[in-house]
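Raw contents of upload-v9.cif, mmCIF, N, CA and C atoms:
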data_protein
loop_
_atom_site.label_atom_id
_atom_site.label_comp_id
_atom_site.auth_asym_id
_atom_site.auth_seq_id
_atom_site.Cartn_x
_atom_site.Cartn_y
_atom_site.Cartn_z
N MET A 1 0.85 -1.16 0.00
CA MET A 1 0.00 0.00 0.00
C MET A 1 0.90 1.23 0.00
N GLU A 2 0.60 2.16 -0.89
CA GLU A 2 1.35 3.40 -0.98
C GLU A 2 0.50 4.51 -0.39
N ILE A 3 1.12 5.34 0.43
CA ILE A 3 0.44 6.45 1.07
C ILE A 3 1.20 7.72 0.73
N CYS A 4 0.49 8.70 0.21
CA CYS A 4 1.09 10.02 -0.03
C CYS A 4 0.70 10.93 1.11
N LEU A 5 1.66 11.64 1.65
CA LEU A 5 1.41 12.62 2.69
C LEU A 5 1.17 13.95 2.00
N ARG A 6 -0.03 14.51 2.19
CA ARG A 6 -0.39 15.75 1.50
C ARG A 6 -0.73 16.84 2.50
N SER A 7 -0.43 18.06 2.11
CA SER A 7 -0.80 19.23 2.90
C SER A 7 -2.27 19.53 2.70
N ALA A 8 -3.00 19.75 3.78
CA ALA A 8 -4.43 20.06 3.69
C ALA A 8 -4.67 21.43 3.07
N GLU A 9 -3.74 22.37 3.29
CA GLU A 9 -3.95 23.74 2.82
C GLU A 9 -3.83 23.87 1.31
N ASN A 10 -2.79 23.30 0.73
CA ASN A 10 -2.56 23.54 -0.70
C ASN A 10 -2.33 22.26 -1.49
N ASP A 11 -2.67 21.13 -0.92
CA ASP A 11 -2.60 19.84 -1.60
C ASP A 11 -1.20 19.52 -2.13
N ARG A 12 -0.17 20.00 -1.44
CA ARG A 12 1.22 19.67 -1.81
C ARG A 12 1.59 18.32 -1.24
N ILE A 13 2.38 17.57 -1.97
CA ILE A 13 2.87 16.29 -1.47
C ILE A 13 4.01 16.57 -0.49
N LEU A 14 3.85 16.07 0.73
CA LEU A 14 4.85 16.29 1.78
C LEU A 14 5.77 15.08 1.94
N GLY A 15 5.33 13.92 1.49
CA GLY A 15 6.14 12.73 1.63
C GLY A 15 5.39 11.52 1.12
N GLU A 16 6.02 10.35 1.34
CA GLU A 16 5.45 9.11 0.84
C GLU A 16 5.85 7.96 1.76
N ALA A 17 4.94 7.01 1.89
CA ALA A 17 5.22 5.79 2.65
C ALA A 17 4.69 4.61 1.85
N ILE A 18 5.45 3.54 1.84
CA ILE A 18 5.01 2.30 1.21
C ILE A 18 5.02 1.22 2.28
N ILE A 19 3.88 0.57 2.46
CA ILE A 19 3.70 -0.45 3.49
C ILE A 19 3.44 -1.79 2.82
N VAL A 20 4.08 -2.82 3.32
CA VAL A 20 3.83 -4.20 2.88
C VAL A 20 3.26 -4.94 4.08
N LYS A 21 2.10 -5.58 3.90
CA LYS A 21 1.46 -6.31 4.99
C LYS A 21 1.41 -7.79 4.66
N ASN A 22 1.68 -8.61 5.67
CA ASN A 22 1.57 -10.05 5.51
C ASN A 22 1.64 -10.72 6.86
N GLY A 23 0.72 -11.64 7.11
CA GLY A 23 0.77 -12.47 8.31
C GLY A 23 0.80 -11.69 9.61
N GLY A 24 0.07 -10.60 9.70
CA GLY A 24 0.02 -9.83 10.94
C GLY A 24 1.18 -8.88 11.13
N ILE A 25 2.03 -8.74 10.10
CA ILE A 25 3.18 -7.83 10.15
C ILE A 25 2.99 -6.75 9.10
N ALA A 26 3.29 -5.51 9.46
CA ALA A 26 3.30 -4.39 8.51
C ALA A 26 4.73 -3.87 8.43
N LEU A 27 5.32 -3.98 7.25
CA LEU A 27 6.68 -3.51 7.01
C LEU A 27 6.62 -2.15 6.34
N LEU A 28 7.20 -1.15 6.99
CA LEU A 28 7.35 0.17 6.37
C LEU A 28 8.54 0.05 5.42
N ASP A 29 8.24 -0.25 4.18
CA ASP A 29 9.27 -0.57 3.19
C ASP A 29 9.97 0.68 2.66
N TYR A 30 9.24 1.79 2.63
CA TYR A 30 9.82 3.04 2.14
C TYR A 30 9.13 4.19 2.87
N PHE A 31 9.93 5.16 3.31
CA PHE A 31 9.37 6.31 4.01
C PHE A 31 10.26 7.51 3.71
N ALA A 32 9.64 8.56 3.20
CA ALA A 32 10.41 9.77 2.88
C ALA A 32 9.54 11.00 3.07
N VAL A 33 10.17 12.06 3.50
CA VAL A 33 9.53 13.37 3.61
C VAL A 33 10.19 14.26 2.57
N SER A 34 9.38 15.03 1.85
CA SER A 34 9.91 15.94 0.83
C SER A 34 10.98 16.83 1.44
N PHE A 35 12.01 17.08 0.67
CA PHE A 35 13.19 17.78 1.17
C PHE A 35 12.85 19.08 1.89
N GLY A 36 11.99 19.88 1.36
CA GLY A 36 11.66 21.18 1.94
C GLY A 36 10.92 21.10 3.27
N PHE A 37 10.42 19.92 3.62
CA PHE A 37 9.65 19.77 4.86
C PHE A 37 10.39 18.99 5.94
N ARG A 38 11.61 18.56 5.64
CA ARG A 38 12.39 17.83 6.65
C ARG A 38 12.74 18.76 7.80
N GLY A 39 12.70 18.22 9.01
CA GLY A 39 12.99 19.02 10.19
C GLY A 39 11.82 19.82 10.71
N SER A 40 10.66 19.69 10.07
CA SER A 40 9.48 20.47 10.46
C SER A 40 8.54 19.70 11.38
N GLY A 41 8.85 18.42 11.64
CA GLY A 41 7.97 17.60 12.47
C GLY A 41 6.99 16.76 11.67
N ILE A 42 6.92 16.99 10.36
CA ILE A 42 6.01 16.24 9.50
C ILE A 42 6.34 14.74 9.55
N GLY A 43 7.61 14.38 9.49
CA GLY A 43 8.02 12.98 9.51
C GLY A 43 7.62 12.29 10.80
N SER A 44 7.82 12.97 11.93
CA SER A 44 7.45 12.40 13.23
C SER A 44 5.94 12.20 13.32
N GLN A 45 5.20 13.19 12.85
CA GLN A 45 3.74 13.08 12.86
C GLN A 45 3.28 11.93 11.97
N ALA A 46 3.87 11.83 10.79
CA ALA A 46 3.48 10.77 9.85
C ALA A 46 3.83 9.39 10.42
N LEU A 47 5.02 9.25 11.01
CA LEU A 47 5.40 7.97 11.60
C LEU A 47 4.41 7.58 12.70
N ASN A 48 4.05 8.54 13.54
CA ASN A 48 3.09 8.28 14.61
C ASN A 48 1.74 7.83 14.05
N LEU A 49 1.29 8.50 13.00
CA LEU A 49 0.01 8.13 12.38
C LEU A 49 0.08 6.73 11.77
N LEU A 50 1.19 6.40 11.15
CA LEU A 50 1.36 5.06 10.58
C LEU A 50 1.34 4.00 11.68
N GLN A 51 2.04 4.28 12.78
CA GLN A 51 2.06 3.34 13.90
C GLN A 51 0.66 3.12 14.46
N GLN A 52 -0.11 4.19 14.55
CA GLN A 52 -1.48 4.07 15.04
C GLN A 52 -2.36 3.33 14.04
N HIS A 53 -2.25 3.69 12.77
CA HIS A 53 -3.08 3.08 11.74
C HIS A 53 -2.84 1.57 11.64
N TYR A 54 -1.61 1.15 11.81
CA TYR A 54 -1.26 -0.26 11.73
C TYR A 54 -1.11 -0.88 13.12
N GLY A 55 -1.85 -0.35 14.07
CA GLY A 55 -1.78 -0.82 15.46
C GLY A 55 -2.17 -2.26 15.66
N ASN A 56 -2.95 -2.83 14.75
CA ASN A 56 -3.32 -4.24 14.84
C ASN A 56 -2.28 -5.16 14.21
N TYR A 57 -1.22 -4.57 13.68
CA TYR A 57 -0.13 -5.33 13.07
C TYR A 57 1.13 -5.13 13.90
N ARG A 58 2.06 -6.04 13.76
CA ARG A 58 3.40 -5.81 14.30
C ARG A 58 4.12 -4.94 13.27
N PHE A 59 4.44 -3.73 13.67
CA PHE A 59 4.97 -2.69 12.77
C PHE A 59 6.49 -2.74 12.79
N MET A 60 7.10 -2.80 11.61
CA MET A 60 8.56 -2.92 11.52
C MET A 60 9.09 -2.16 10.31
N LEU A 61 10.42 -1.99 10.30
CA LEU A 61 11.11 -1.38 9.17
C LEU A 61 12.56 -1.83 9.17
N GLU A 62 13.24 -1.50 8.07
CA GLU A 62 14.67 -1.81 7.93
C GLU A 62 15.41 -0.50 7.70
N ILE A 63 16.61 -0.41 8.27
CA ILE A 63 17.48 0.73 7.99
C ILE A 63 18.87 0.20 7.68
N GLU A 64 19.61 0.94 6.88
CA GLU A 64 21.00 0.55 6.62
C GLU A 64 21.76 0.55 7.94
N SER A 65 22.59 -0.45 8.11
CA SER A 65 23.29 -0.68 9.36
C SER A 65 24.13 0.51 9.80
N THR A 66 24.11 0.74 11.11
CA THR A 66 24.96 1.76 11.73
C THR A 66 26.11 1.12 12.49
N VAL A 67 26.25 -0.19 12.36
CA VAL A 67 27.24 -0.95 13.14
C VAL A 67 28.66 -0.67 12.66
N HIS A 68 28.86 -0.57 11.35
CA HIS A 68 30.20 -0.38 10.78
C HIS A 68 30.30 1.00 10.13
N PRO A 69 31.48 1.59 10.13
CA PRO A 69 31.65 2.89 9.46
C PRO A 69 31.29 2.79 7.98
N ALA A 70 30.69 3.84 7.46
CA ALA A 70 30.32 3.92 6.05
C ALA A 70 30.45 5.37 5.61
N PRO A 71 30.55 5.62 4.31
CA PRO A 71 30.67 7.01 3.84
C PRO A 71 29.51 7.89 4.30
N ASP A 72 28.34 7.30 4.48
CA ASP A 72 27.16 8.07 4.91
C ASP A 72 26.75 7.74 6.34
N SER A 73 27.73 7.44 7.20
CA SER A 73 27.43 7.05 8.59
C SER A 73 26.60 8.08 9.33
N GLY A 74 26.88 9.35 9.11
CA GLY A 74 26.12 10.40 9.80
C GLY A 74 24.65 10.36 9.42
N GLN A 75 24.38 10.21 8.15
CA GLN A 75 23.00 10.14 7.68
C GLN A 75 22.31 8.89 8.25
N ARG A 76 23.02 7.78 8.28
CA ARG A 76 22.44 6.55 8.82
C ARG A 76 22.11 6.70 10.30
N LEU A 77 23.02 7.31 11.06
CA LEU A 77 22.77 7.51 12.49
C LEU A 77 21.61 8.47 12.72
N ASN A 78 21.52 9.52 11.91
CA ASN A 78 20.38 10.44 12.02
C ASN A 78 19.07 9.71 11.78
N ARG A 79 19.05 8.86 10.76
CA ARG A 79 17.84 8.09 10.44
C ARG A 79 17.48 7.17 11.61
N LYS A 80 18.47 6.46 12.14
CA LYS A 80 18.21 5.55 13.26
C LYS A 80 17.69 6.32 14.47
N ASN A 81 18.30 7.45 14.78
CA ASN A 81 17.87 8.25 15.93
C ASN A 81 16.45 8.79 15.74
N PHE A 82 16.09 9.14 14.50
CA PHE A 82 14.73 9.57 14.21
C PHE A 82 13.74 8.46 14.59
N TYR A 83 14.02 7.25 14.16
CA TYR A 83 13.11 6.14 14.46
C TYR A 83 13.11 5.78 15.95
N LEU A 84 14.27 5.88 16.60
CA LEU A 84 14.31 5.63 18.05
C LEU A 84 13.47 6.66 18.79
N ARG A 85 13.57 7.93 18.41
CA ARG A 85 12.73 8.97 19.02
C ARG A 85 11.25 8.71 18.78
N GLY A 86 10.95 8.05 17.67
CA GLY A 86 9.57 7.72 17.31
C GLY A 86 9.06 6.45 17.96
N GLY A 87 9.83 5.89 18.89
CA GLY A 87 9.37 4.72 19.62
C GLY A 87 9.78 3.38 19.05
N MET A 88 10.55 3.38 17.98
CA MET A 88 11.00 2.13 17.40
C MET A 88 12.17 1.59 18.21
N GLY A 89 12.33 0.27 18.21
CA GLY A 89 13.44 -0.38 18.89
C GLY A 89 14.11 -1.35 17.94
N CYS A 90 15.35 -1.69 18.25
CA CYS A 90 16.14 -2.58 17.38
C CYS A 90 15.99 -4.04 17.78
N MET A 91 15.85 -4.88 16.78
CA MET A 91 15.88 -6.33 17.01
C MET A 91 17.33 -6.72 17.24
N ASN A 92 17.54 -7.91 17.79
CA ASN A 92 18.89 -8.34 18.14
C ASN A 92 19.57 -9.10 17.01
N TYR A 93 19.19 -8.84 15.78
CA TYR A 93 19.86 -9.47 14.65
C TYR A 93 19.97 -8.46 13.50
N LEU A 94 20.94 -8.70 12.63
CA LEU A 94 21.13 -7.92 11.41
C LEU A 94 20.84 -8.84 10.24
N VAL A 95 20.48 -8.25 9.11
CA VAL A 95 20.25 -9.05 7.91
C VAL A 95 21.06 -8.48 6.75
N SER A 96 21.34 -9.34 5.80
CA SER A 96 21.87 -8.92 4.52
C SER A 96 20.68 -8.95 3.57
N LEU A 97 20.30 -7.79 3.06
CA LEU A 97 19.17 -7.67 2.15
C LEU A 97 19.72 -7.23 0.80
N PHE A 98 19.76 -8.15 -0.15
CA PHE A 98 20.34 -7.89 -1.45
C PHE A 98 21.77 -7.36 -1.31
N GLY A 99 22.52 -7.92 -0.36
CA GLY A 99 23.91 -7.56 -0.16
C GLY A 99 24.16 -6.34 0.71
N VAL A 100 23.11 -5.72 1.22
CA VAL A 100 23.25 -4.53 2.08
C VAL A 100 22.92 -4.93 3.51
N GLU A 101 23.84 -4.62 4.42
CA GLU A 101 23.61 -4.93 5.83
C GLU A 101 22.56 -3.99 6.41
N MET A 102 21.51 -4.59 6.99
CA MET A 102 20.38 -3.82 7.50
C MET A 102 20.11 -4.16 8.95
N GLU A 103 19.63 -3.16 9.69
CA GLU A 103 19.12 -3.36 11.04
C GLU A 103 17.60 -3.42 10.94
N ILE A 104 16.99 -4.25 11.77
CA ILE A 104 15.55 -4.38 11.81
C ILE A 104 15.04 -3.65 13.04
N MET A 105 14.06 -2.78 12.84
CA MET A 105 13.48 -2.02 13.95
C MET A 105 11.98 -2.33 14.01
N THR A 106 11.45 -2.38 15.22
CA THR A 106 10.03 -2.68 15.41
C THR A 106 9.44 -1.68 16.41
N TYR A 107 8.12 -1.63 16.40
CA TYR A 107 7.39 -0.73 17.28
C TYR A 107 6.64 -1.57 18.32
N GLY A 108 7.22 -1.70 19.50
CA GLY A 108 6.57 -2.37 20.62
C GLY A 108 6.27 -3.83 20.41
N CYS A 109 7.10 -4.50 19.61
CA CYS A 109 6.86 -5.92 19.35
C CYS A 109 8.16 -6.61 18.97
N GLU A 110 8.08 -7.90 18.80
CA GLU A 110 9.20 -8.70 18.32
C GLU A 110 8.82 -9.28 16.97
N VAL A 111 9.78 -9.35 16.07
CA VAL A 111 9.61 -10.04 14.79
C VAL A 111 10.87 -10.86 14.59
N SER A 112 10.71 -12.17 14.55
CA SER A 112 11.87 -13.04 14.37
C SER A 112 12.38 -12.96 12.93
N PHE A 113 13.61 -13.39 12.74
CA PHE A 113 14.17 -13.43 11.39
C PHE A 113 13.31 -14.31 10.48
N GLU A 114 12.84 -15.42 11.00
CA GLU A 114 12.02 -16.34 10.22
C GLU A 114 10.72 -15.67 9.76
N GLU A 115 10.10 -14.88 10.64
CA GLU A 115 8.88 -14.16 10.28
C GLU A 115 9.18 -13.07 9.25
N TYR A 116 10.29 -12.39 9.43
CA TYR A 116 10.72 -11.35 8.48
C TYR A 116 10.94 -11.97 7.10
N ARG A 117 11.64 -13.08 7.07
CA ARG A 117 11.92 -13.77 5.81
C ARG A 117 10.63 -14.26 5.16
N ALA A 118 9.71 -14.77 5.96
CA ALA A 118 8.42 -15.25 5.44
C ALA A 118 7.62 -14.11 4.82
N LEU A 119 7.68 -12.92 5.40
CA LEU A 119 7.00 -11.76 4.82
C LEU A 119 7.52 -11.52 3.41
N TYR A 120 8.84 -11.56 3.23
CA TYR A 120 9.42 -11.37 1.90
C TYR A 120 9.00 -12.48 0.95
N GLU A 121 9.05 -13.71 1.42
CA GLU A 121 8.70 -14.83 0.55
C GLU A 121 7.23 -14.75 0.11
N ASN A 122 6.34 -14.45 1.04
CA ASN A 122 4.92 -14.39 0.72
C ASN A 122 4.55 -13.17 -0.11
N THR A 123 5.35 -12.12 -0.03
CA THR A 123 5.04 -10.88 -0.74
C THR A 123 5.80 -10.76 -2.06
N PHE A 124 7.09 -11.06 -2.03
CA PHE A 124 7.94 -10.82 -3.19
C PHE A 124 8.42 -12.09 -3.89
N GLY A 125 8.18 -13.25 -3.30
CA GLY A 125 8.56 -14.50 -3.93
C GLY A 125 9.94 -15.00 -3.55
N ARG A 126 10.26 -16.16 -4.10
CA ARG A 126 11.52 -16.84 -3.74
C ARG A 126 12.77 -16.10 -4.21
N TYR A 127 12.68 -15.37 -5.31
CA TYR A 127 13.86 -14.64 -5.78
C TYR A 127 14.34 -13.68 -4.71
N ALA A 128 13.44 -12.87 -4.18
CA ALA A 128 13.80 -11.90 -3.14
C ALA A 128 14.25 -12.62 -1.87
N THR A 129 13.52 -13.66 -1.52
CA THR A 129 13.82 -14.38 -0.28
C THR A 129 15.22 -15.00 -0.34
N GLY A 130 15.64 -15.42 -1.51
CA GLY A 130 16.98 -16.00 -1.67
C GLY A 130 18.09 -15.00 -1.48
N ARG A 131 17.77 -13.74 -1.43
CA ARG A 131 18.77 -12.69 -1.26
C ARG A 131 18.73 -12.06 0.11
N ILE A 132 18.12 -12.79 1.08
CA ILE A 132 18.05 -12.34 2.47
C ILE A 132 18.77 -13.37 3.33
N ALA A 133 19.65 -12.89 4.18
CA ALA A 133 20.37 -13.79 5.09
C ALA A 133 20.51 -13.13 6.46
N LYS A 134 20.47 -13.94 7.47
CA LYS A 134 20.70 -13.43 8.83
C LYS A 134 22.20 -13.33 9.03
N ILE A 135 22.64 -12.18 9.51
CA ILE A 135 24.07 -11.94 9.73
C ILE A 135 24.45 -12.28 11.18
N GLN A 136 23.65 -11.85 12.10
CA GLN A 136 24.01 -12.05 13.51
C GLN A 136 22.75 -12.21 14.31
#

What is this file in structure tokens?
Amino acid sequence: MEICLRSAENDRILGEAIIVKNGGIALLDYFAVSFGFRGSGIGSQALNLLQQHYGNYRFMLEIESTVHPAPDSGQRLNRKNFYLRGGMGCMNYLVSLFGVEMEIMTYGCEVSFEEYRALYENTFGRYATGRIAKIQ
């Protein structure tokens, strides 16, 4: 499901969220706030609304790992801190998703690696699932 965040005053697009649902889990697969609205609180409000809207699901997302230094480490840490401030917590495992090390974050719940992998298999098929591995 794709959700566009729009301004009520002038119908401007403020951001976008893409949610994948399967087996009682809602994965926030993509989340972005338009550049001009970053830092205005729109992202925090939208995340809160998504968490509420999907309250009957175990709500989760993936972020690029902050465990190892990377050229964009600052951006990755900012992203992680945004989600932590929004009530998300980190699972105790990392995954390789299409060769990219990712951290799994959830909102007030647990999602095992097996459940995470099953969401991909049931939604995207075996090709995608074959490119997911548990790192730790």

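Atom CA of Phe59 of chain A sits 5.7 Å away from atom CA of Thr106 of chain A.
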
Atom-to-atom span, atom C of Ile63 of chain A and atom N of Asn78 of chain A, Å: 10.6 Å

Expected answer as number ranges by chain: alpha helix (DSSP H) residues in chain A: A: 42-53, 73-85, 113-124, 126-129

Selected residues written out with N, CA and C atoms, as a CSV table (one decimal), in the frame of the given file:
chain,number,residue,atom,x,y,z
A,42,ILE,N,6.9,17.0,10.4
A,42,ILE,CA,6.0,16.2,9.5
A,42,ILE,C,6.3,14.7,9.6
A,43,GLY,N,7.6,14.4,9.5
A,43,GLY,CA,8.0,13.0,9.5
A,43,GLY,C,7.6,12.3,10.8
A,44,SER,N,7.8,13.0,11.9
A,44,SER,CA,7.4,12.4,13.2
A,44,SER,C,5.9,12.2,13.3
A,45,GLN,N,5.2,13.2,12.8
A,45,GLN,CA,3.7,13.1,12.9
A,45,GLN,C,3.3,11.9,12.0
A,46,ALA,N,3.9,11.8,10.8
A,46,ALA,CA,3.5,10.8,9.8
A,46,ALA,C,3.8,9.4,10.4
A,47,LEU,N,5.0,9.2,11.0
A,47,LEU,CA,5.4,8.0,11.6
A,47,LEU,C,4.4,7.6,12.7
A,48,ASN,N,4.0,8.5,13.5
A,48,ASN,CA,3.1,8.3,14.6
A,48,ASN,C,1.7,7.8,14.0
A,49,LEU,N,1.3,8.5,13.0
A,49,LEU,CA,0.0,8.1,12.4
A,49,LEU,C,0.1,6.7,11.8
A,50,LEU,N,1.2,6.4,11.2
A,50,LEU,CA,1.4,5.1,10.6
A,50,LEU,C,1.3,4.0,11.7
A,51,GLN,N,2.0,4.3,12.8
A,51,GLN,CA,2.1,3.3,13.9
A,51,GLN,C,0.7,3.1,14.5
A,52,GLN,N,-0.1,4.2,14.6
A,52,GLN,CA,-1.5,4.1,15.0
A,52,GLN,C,-2.4,3.3,14.0
A,53,HIS,N,-2.2,3.7,12.8
A,53,HIS,CA,-3.1,3.1,11.7
A,53,HIS,C,-2.8,1.6,11.6
A,73,SER,N,27.7,7.4,7.2
A,73,SER,CA,27.4,7.0,8.6
A,73,SER,C,26.6,8.1,9.3
A,74,GLY,N,26.9,9.4,9.1
A,74,GLY,CA,26.1,10.4,9.8
A,74,GLY,C,24.6,10.4,9.4
A,75,GLN,N,24.4,10.2,8.2
A,75,GLN,CA,23.0,10.1,7.7
A,75,GLN,C,22.3,8.9,8.2
A,76,ARG,N,23.0,7.8,8.3
A,76,ARG,CA,22.4,6.6,8.8
A,76,ARG,C,22.1,6.7,10.3
A,77,LEU,N,23.0,7.3,11.1
A,77,LEU,CA,22.8,7.5,12.5
A,77,LEU,C,21.6,8.5,12.7
A,78,ASN,N,21.5,9.5,11.9
A,78,ASN,CA,20.4,10.4,12.0
A,78,ASN,C,19.1,9.7,11.8
A,79,ARG,N,19.0,8.9,10.8
A,79,ARG,CA,17.8,8.1,10.4
A,79,ARG,C,17.5,7.2,11.6
A,80,LYS,N,18.5,6.5,12.1
A,80,LYS,CA,18.2,5.6,13.3
A,80,LYS,C,17.7,6.3,14.5
A,81,ASN,N,18.3,7.4,14.8
A,81,ASN,CA,17.9,8.2,15.9
A,81,ASN,C,16.4,8.8,15.7
A,82,PHE,N,16.1,9.1,14.5
A,82,PHE,CA,14.7,9.6,14.2
A,82,PHE,C,13.7,8.5,14.6
A,83,TYR,N,14.0,7.2,14.2
A,83,TYR,CA,13.1,6.1,14.5
A,83,TYR,C,13.1,5.8,16.0
A,84,LEU,N,14.3,5.9,16.6
A,84,LEU,CA,14.3,5.6,18.0
A,84,LEU,C,13.5,6.7,18.8
A,85,ARG,N,13.6,7.9,18.4
A,85,ARG,CA,12.7,9.0,19.0
A,85,ARG,C,11.2,8.7,18.8
A,113,PHE,N,13.6,-13.4,12.7
A,113,PHE,CA,14.2,-13.4,11.4
A,113,PHE,C,13.3,-14.3,10.5
A,114,GLU,N,12.8,-15.4,11.0
A,114,GLU,CA,12.0,-16.3,10.2
A,114,GLU,C,10.7,-15.7,9.8
A,115,GLU,N,10.1,-14.9,10.6
A,115,GLU,CA,8.9,-14.2,10.3
A,115,GLU,C,9.2,-13.1,9.2
A,116,TYR,N,10.3,-12.4,9.4
A,116,TYR,CA,10.7,-11.4,8.5
A,116,TYR,C,10.9,-12.0,7.1
A,117,ARG,N,11.6,-13.1,7.1
A,117,ARG,CA,11.9,-13.8,5.8
A,117,ARG,C,10.6,-14.3,5.2
A,118,ALA,N,9.7,-14.8,6.0
A,118,ALA,CA,8.4,-15.2,5.4
A,118,ALA,C,7.6,-14.1,4.8
A,119,LEU,N,7.7,-12.9,5.4
A,119,LEU,CA,7.0,-11.8,4.8
A,119,LEU,C,7.5,-11.5,3.4
A,120,TYR,N,8.8,-11.6,3.2
A,120,TYR,CA,9.4,-11.4,1.9
A,120,TYR,C,9.0,-12.5,1.0
A,121,GLU,N,9.0,-13.7,1.4
A,121,GLU,CA,8.7,-14.8,0.6
A,121,GLU,C,7.2,-14.8,0.1
A,122,ASN,N,6.3,-14.4,1.0
A,122,ASN,CA,4.9,-14.4,0.7
A,122,ASN,C,4.6,-13.2,-0.1
A,123,THR,N,5.4,-12.1,0.0
A,123,THR,CA,5.0,-10.9,-0.7
A,123,THR,C,5.8,-10.8,-2.1
A,124,PHE,N,7.1,-11.1,-2.0
A,124,PHE,CA,7.9,-10.8,-3.2
A,124,PHE,C,8.4,-12.1,-3.9
A,126,ARG,N,10.3,-16.2,-4.1
A,126,ARG,CA,11.5,-16.8,-3.7
A,126,ARG,C,12.8,-16.1,-4.2
A,127,TYR,N,12.7,-15.4,-5.3
A,127,TYR,CA,13.9,-14.6,-5.8
A,127,TYR,C,14.3,-13.7,-4.7
A,128,ALA,N,13.4,-12.9,-4.2
A,128,ALA,CA,13.8,-11.9,-3.1
A,128,ALA,C,14.2,-12.6,-1.9
A,129,THR,N,13.5,-13.7,-1.5
A,129,THR,CA,13.8,-14.4,-0.3
A,129,THR,C,15.2,-15.0,-0.3

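Using all atoms listed in the file, the contacts of Val67 of chain A at a cut-off of 8 Å, with sequence neighbours closer than 2 positions omitted, comprise Glu64, Ser65, Pro69, Ala70, Glu101 and Glu103 of chain A.
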
Which of segment 67-126 of chain A fall in strand (DSSP E), as number ranges by chain: A: 89-97, 100-106

Shell of 8 Å around Gly23 of chain A, all atoms listed in the file, local chain residues under 6 positions omitted, as an NGL selection string: :A and (57-58 or 118-119)

Grab the residues selected above and save them as a compact mmCIF listing (two decimals), keeping the file's coordinate frame with N, CA and C atoms.
# COMPACT_ATOMS: atom_id res chain seq x y z
N TYR A 57 -1.22 -4.57 13.68
CA TYR A 57 -0.13 -5.33 13.07
C TYR A 57 1.13 -5.13 13.90
N ARG A 58 2.06 -6.04 13.76
CA ARG A 58 3.40 -5.81 14.30
C ARG A 58 4.12 -4.94 13.27
N ALA A 118 9.71 -14.77 5.96
CA ALA A 118 8.42 -15.25 5.44
C ALA A 118 7.62 -14.11 4.82
N LEU A 119 7.68 -12.92 5.40
CA LEU A 119 7.00 -11.76 4.82
C LEU A 119 7.52 -11.52 3.41

Residues near Tyr93 of chain A, cut-off 7 Å, all atoms listed in the file, skip fewer than 4 positions along chain, as a PyMOL selection string: chain A and resi 102-104+134-136

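Taking atom CA of His68 of chain A as the reference point, atom CA of Glu115 of chain A is found at 25.4 Å.
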
Given all atoms listed in the file as the counted atoms, nearest of A:Phe31, A:Asn92, A:Arg131, A:Leu47 to Ile19 of chain A: A:Phe31

Exercise: residues within 6 Å of coordinate (14.0, -7.6, 19.6), counting only C-alpha atoms, as a list in words: Cys90, Met91, Asn92 and Glu110 of chain A

Since we have the selection now, will you write its residues out, keeping N, CA and C atoms, as a PDB file, in the coordinates of the input?
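The resulting result23.pdb:
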ATOM      1  N   CYS A  90      15.350  -1.690  18.250  1.00  0.00           N
ATOM      2  CA  CYS A  90      16.140  -2.580  17.380  1.00  0.00           C
ATOM      3  C   CYS A  90      15.990  -4.040  17.780  1.00  0.00           C
ATOM      4  N   MET A  91      15.850  -4.880  16.780  1.00  0.00           N
ATOM      5  CA  MET A  91      15.880  -6.330  17.010  1.00  0.00           C
ATOM      6  C   MET A  91      17.330  -6.720  17.240  1.00  0.00           C
ATOM      7  N   ASN A  92      17.540  -7.910  17.790  1.00  0.00           N
ATOM      8  CA  ASN A  92      18.890  -8.340  18.140  1.00  0.00           C
ATOM      9  C   ASN A  92      19.570  -9.100  17.010  1.00  0.00           C
ATOM     10  N   GLU A 110       8.080  -7.900  18.800  1.00  0.00           N
ATOM     11  CA  GLU A 110       9.200  -8.700  18.320  1.00  0.00           C
ATOM     12  C   GLU A 110       8.820  -9.280  16.970  1.00  0.00           C
TER      13      GLU A 110
END

Tyr54 of chain A surroundings by only C-alpha atoms, 12 Å radius, close-in-sequence under 6 positions cut, as a PyMOL selection string: chain A and resi 1+19-22+24-28+47-48+60+107

Residue nearest Arg85 of chain A - candidates A:Ile18, A:Gly108, A:Ser44, A:Phe37, atoms counted: only C-alpha atoms: A:Ser44

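Proximity ranking of A:Ser34, A:Thr129, A:Ser112, A:Asn56 relative to Leu14 of chain A places A:Ser34 first, based on only C-alpha atoms.
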
Write out as a PDB file with N, CA and C atoms, in the coordinates of the input each polymer residue whose atoms come within 7 Å of Ala133 of chain A, counting only C-alpha atoms; drop sequence neighbours fewer than 3 positions from it.
ATOM      1  N   VAL A  95      20.480  -8.250   9.110  1.00  0.00           N
ATOM      2  CA  VAL A  95      20.250  -9.050   7.910  1.00  0.00           C
ATOM      3  C   VAL A  95      21.060  -8.480   6.750  1.00  0.00           C
ATOM      4  N   SER A  96      21.340  -9.340   5.800  1.00  0.00           N
ATOM      5  CA  SER A  96      21.870  -8.920   4.520  1.00  0.00           C
ATOM      6  C   SER A  96      20.680  -8.950   3.570  1.00  0.00           C
ATOM      7  N   LEU A  97      20.300  -7.790   3.060  1.00  0.00           N
ATOM      8  CA  LEU A  97      19.170  -7.670   2.150  1.00  0.00           C
ATOM      9  C   LEU A  97      19.720  -7.230   0.800  1.00  0.00           C
TER      10      LEU A  97
END

Enclosing box along x, y and z for every listed atom of segment 81-87 of chain A, padded 6 Å each side, centre and size in Å, one decimal, as JSON:
{"center_x": 13.7, "center_y": 6.5, "center_z": 16.9, "size_x": 21.2, "size_y": 18.2, "size_z": 17.5}

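When all atoms listed in the file are used to measure the gap to Gly99 of chain A, the shortest distance among A:Ile132, A:Gly39, A:Leu49, A:Lys80 belongs to A:Ile132.
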